[in-house]
Amino acid sequence: MSESQLWNDVDEYFSAHLSPDDDILQAALRDSEAADIPMISVSAPQGKLLQLLAEIQGARNILEIGTLAGYSTIWLGRALPADGRLISLEYDPKHAEVATRNLARAGLDKIVEVRIGPALESLPKLADENPAPFDLVFIDADKANNPHYIEWALRLTRTGSLIVLDNVVRGGRVTDPDSTAPDVQGTRAAIELISSHPRLTGTAVQTVGSKGYDGFALARVL
């Protein structure tokens, strides 16, 4: 058995017992594939982790940067109370359309809003609305802009808020200081920002599973 097959098998075992996809989540994945949206959403165990983190936070307001087809959004939305709010920012109108349908099917359309456009344009507009501080921010968008997204997350959160940054390992390339790849440069800059910023304390965790070799960073706002 190959190493990657073993990772997949373990993921399937954990998913079956701890984070099984229900009909709504499975439909979201099917609709994503049918619309030719890249199948790069979080895995089921990762989605359940996001839900648990939001519940541990007692989150009432969540910001997601990068909606894709709404799979992770559903996991996060399920952690919110009935009067909670989740704003998800998506660059691609087609992705946003599929996500909106998936969220409606999940019964989350009353508390989740998908905003279309480049996140670095949507975030200043969001800040102008002076929203209640977000309790959790999940960043899973274009990696080159990761440090900018963290800076905006800091502006839109409060002491005790949690920032989750996905896909930080880049297949191990994150260790290469000479890389010119925008995703590596952006991720390294984000990690270094978490390390140096006086209002952040964090860590990063490597993962293996159905999504291959990857990882995420967690940062708490001080």
# chains A, B, ... in the order shown; residues from 1 in each chain; ligands from 1
call {"tool": "closest_atom_pairs", "arguments": {"of": "segment 110-166 of chain A", "to": "segment 186-210 of chain A", "cutoff": "10 Å", "atoms": "only C-alpha atoms", "output": "Markdown table"}}
result
| residue | atom | partner | partner_atom | distance |
| --- | --- | --- | --- | --- |
| A:Asp142 | CA | A:Gly186 | CA | 8.9 |
| A:Lys143 | CA | A:Gly186 | CA | 5.6 |
| A:Ala144 | CA | A:Gly186 | CA | 4.0 |
| A:Asn145 | CA | A:Gly186 | CA | 5.8 |
| A:Asn146 | CA | A:Gly186 | CA | 5.5 |
| A:Pro147 | CA | A:Ala190 | CA | 4.3 |
| A:His148 | CA | A:Ala190 | CA | 8.1 |
| A:Tyr149 | CA | A:Ala190 | CA | 8.7 |
| A:Ile150 | CA | A:Ala190 | CA | 7.1 |
| A:Glu151 | CA | A:Leu193 | CA | 8.7 |
| A:Leu154 | CA | A:Arg199 | CA | 8.2 |
| A:Arg158 | CA | A:Arg199 | CA | 9.9 |
| A:Thr159 | CA | A:Arg199 | CA | 8.4 |
| A:Gly160 | CA | A:Leu200 | CA | 9.8 |
| A:Ser161 | CA | A:Leu200 | CA | 9.9 |
| A:Leu162 | CA | A:Gly202 | CA | 9.5 |
| A:Ile163 | CA | A:Gly202 | CA | 9.0 |
| A:Val164 | CA | A:Gly202 | CA | 9.6 |
| A:Leu165 | CA | A:Ala190 | CA | 8.8 |
| A:Asp166 | CA | A:Thr187 | CA | 9.6 |
call {"tool": "select_by_dssp", "arguments": {"residues": "segment 128-202 of chain A", "states": "alpha helix (DSSP H)", "output": "MDAnalysis selection string"}}
result
chainID A and resid 128 146:155 182:196
call {"tool": "write_last_selection", "arguments": {"atoms": "N, CA and C atoms", "output": "mmCIF file, in the first residue's frame"}}
result
data_model
loop_
_atom_site.group_PDB
_atom_site.id
_atom_site.type_symbol
_atom_site.label_atom_id
_atom_site.label_comp_id
_atom_site.auth_asym_id
_atom_site.auth_seq_id
_atom_site.Cartn_x
_atom_site.Cartn_y
_atom_site.Cartn_z
ATOM 1 N N ASP A 128 -15.901 49.421 6.259
ATOM 2 C CA ASP A 128 -16.668 50.675 6.266
ATOM 3 C C ASP A 128 -18.037 50.501 6.898
ATOM 4 N N ASN A 146 -2.022 36.202 1.356
ATOM 5 C CA ASN A 146 -2.244 35.771 2.741
ATOM 6 C C ASN A 146 -1.868 36.829 3.785
ATOM 7 N N PRO A 147 -0.703 37.488 3.669
ATOM 8 C CA PRO A 147 -0.385 38.481 4.708
ATOM 9 C C PRO A 147 -1.368 39.638 4.731
ATOM 10 N N HIS A 148 -1.869 40.040 3.566
ATOM 11 C CA HIS A 148 -2.864 41.122 3.517
ATOM 12 C C HIS A 148 -4.168 40.678 4.174
ATOM 13 N N TYR A 149 -4.539 39.418 3.950
ATOM 14 C CA TYR A 149 -5.771 38.914 4.558
ATOM 15 C C TYR A 149 -5.642 38.865 6.081
ATOM 16 N N ILE A 150 -4.484 38.499 6.575
ATOM 17 C CA ILE A 150 -4.290 38.481 8.019
ATOM 18 C C ILE A 150 -4.350 39.899 8.588
ATOM 19 N N GLU A 151 -3.767 40.842 7.884
ATOM 20 C CA GLU A 151 -3.826 42.236 8.346
ATOM 21 C C GLU A 151 -5.269 42.721 8.416
ATOM 22 N N TRP A 152 -6.069 42.380 7.416
ATOM 23 C CA TRP A 152 -7.478 42.771 7.449
ATOM 24 C C TRP A 152 -8.223 42.034 8.551
ATOM 25 N N ALA A 153 -7.874 40.758 8.743
ATOM 26 C CA ALA A 153 -8.520 39.998 9.818
ATOM 27 C C ALA A 153 -8.270 40.667 11.165
ATOM 28 N N LEU A 154 -7.066 41.181 11.357
ATOM 29 C CA LEU A 154 -6.765 41.876 12.609
ATOM 30 C C LEU A 154 -7.635 43.110 12.798
ATOM 31 N N ARG A 155 -7.919 43.804 11.718
ATOM 32 C CA ARG A 155 -8.747 45.015 11.805
ATOM 33 C C ARG A 155 -10.198 44.678 12.132
ATOM 34 N N PRO A 182 4.619 32.894 -5.998
ATOM 35 C CA PRO A 182 3.788 33.806 -5.195
ATOM 36 C C PRO A 182 3.098 33.129 -4.017
ATOM 37 N N ASP A 183 2.663 31.856 -4.203
ATOM 38 C CA ASP A 183 1.974 31.192 -3.098
ATOM 39 C C ASP A 183 2.917 30.926 -1.933
ATOM 40 N N VAL A 184 4.160 30.589 -2.242
ATOM 41 C CA VAL A 184 5.142 30.344 -1.188
ATOM 42 C C VAL A 184 5.531 31.657 -0.511
ATOM 43 N N GLN A 185 5.779 32.677 -1.323
ATOM 44 C CA GLN A 185 6.141 33.967 -0.753
ATOM 45 C C GLN A 185 5.041 34.505 0.152
ATOM 46 N N GLY A 186 3.789 34.400 -0.310
ATOM 47 C CA GLY A 186 2.666 34.896 0.485
ATOM 48 C C GLY A 186 2.481 34.128 1.771
ATOM 49 N N THR A 187 2.665 32.811 1.692
ATOM 50 C CA THR A 187 2.498 31.989 2.883
ATOM 51 C C THR A 187 3.617 32.246 3.880
ATOM 52 N N ARG A 188 4.855 32.337 3.401
ATOM 53 C CA ARG A 188 5.973 32.630 4.301
ATOM 54 C C ARG A 188 5.779 34.000 4.971
ATOM 55 N N ALA A 189 5.330 34.975 4.192
ATOM 56 C CA ALA A 189 5.101 36.309 4.761
ATOM 57 C C ALA A 189 4.011 36.262 5.828
ATOM 58 N N ALA A 190 2.997 35.440 5.609
ATOM 59 C CA ALA A 190 1.914 35.321 6.597
ATOM 60 C C ALA A 190 2.415 34.669 7.874
ATOM 61 N N ILE A 191 3.198 33.606 7.737
ATOM 62 C CA ILE A 191 3.740 32.939 8.916
ATOM 63 C C ILE A 191 4.642 33.892 9.700
ATOM 64 N N GLU A 192 5.461 34.642 8.983
ATOM 65 C CA GLU A 192 6.363 35.581 9.652
ATOM 66 C C GLU A 192 5.595 36.731 10.298
ATOM 67 N N LEU A 193 4.468 37.109 9.696
ATOM 68 C CA LEU A 193 3.629 38.144 10.300
ATOM 69 C C LEU A 193 3.020 37.641 11.608
ATOM 70 N N ILE A 194 2.520 36.408 11.598
ATOM 71 C CA ILE A 194 1.979 35.827 12.828
ATOM 72 C C ILE A 194 3.057 35.773 13.902
ATOM 73 N N SER A 195 4.260 35.427 13.498
ATOM 74 C CA SER A 195 5.367 35.305 14.438
ATOM 75 C C SER A 195 5.760 36.638 15.067
ATOM 76 N N SER A 196 5.722 37.698 14.266
ATOM 77 C CA SER A 196 6.274 38.977 14.723
ATOM 78 C C SER A 196 5.249 39.973 15.238
#
call {"tool": "residues_around", "arguments": {"residues": "Arg78 of chain A", "least_positions_apart": "2", "cutoff": "9 Å", "atoms": "only C-alpha atoms", "output": "NGL selection string"}}
result
:A and (51 or 73-76 or 80-81 or 106 or 108)
call {"tool": "write_last_selection", "arguments": {"atoms": "C-alpha atoms", "output": "mmCIF file, in the first residue's frame"}}
result
data_model
loop_
_atom_site.group_PDB
_atom_site.id
_atom_site.type_symbol
_atom_site.label_atom_id
_atom_site.label_comp_id
_atom_site.auth_asym_id
_atom_site.auth_seq_id
_atom_site.Cartn_x
_atom_site.Cartn_y
_atom_site.Cartn_z
ATOM 1 C CA GLN A 51 -17.015 23.640 13.064
ATOM 2 C CA THR A 73 -18.991 27.474 4.667
ATOM 3 C CA ILE A 74 -21.633 24.894 5.529
ATOM 4 C CA TRP A 75 -19.447 23.392 8.258
ATOM 5 C CA LEU A 76 -18.788 26.836 9.720
ATOM 6 C CA LEU A 80 -23.540 29.480 14.509
ATOM 7 C CA PRO A 81 -26.633 30.238 16.594
ATOM 8 C CA ALA A 106 -28.385 23.574 3.869
ATOM 9 C CA LEU A 108 -28.147 28.585 6.004
#
call {"tool": "closest_residue", "arguments": {"among": "A:Asp83, A:Asp135, A:Asp140, A:Asp22", "to": "Thr67 of chain A", "atoms": "only C-alpha atoms"}}
result
A:Asp140
call {"tool": "residues_around", "arguments": {"residues": "Gly117 of chain A", "least_positions_apart": "6", "cutoff": "12 Å", "atoms": "only C-alpha atoms", "output": "number ranges by chain"}}
result
A: 65-67, 88-96, 123-125
call {"tool": "atom_distance", "arguments": {"atom1": "atom CA of Ser2 of chain A", "atom2": "atom CA of Gly171 of chain A"}}
result
17.4 Å
call {"tool": "closest_residue", "arguments": {"among": "A:Ala34, A:Ala181, A:Ala217, A:Leu50", "to": "Val169 of chain A", "atoms": "only C-alpha atoms"}}
result
A:Ala217
call {"tool": "closest_residue", "arguments": {"among": "A:Thr175, A:Leu68, A:Pro133, A:Val168", "to": "Asp214 of chain A", "atoms": "only C-alpha atoms"}}
result
A:Val168
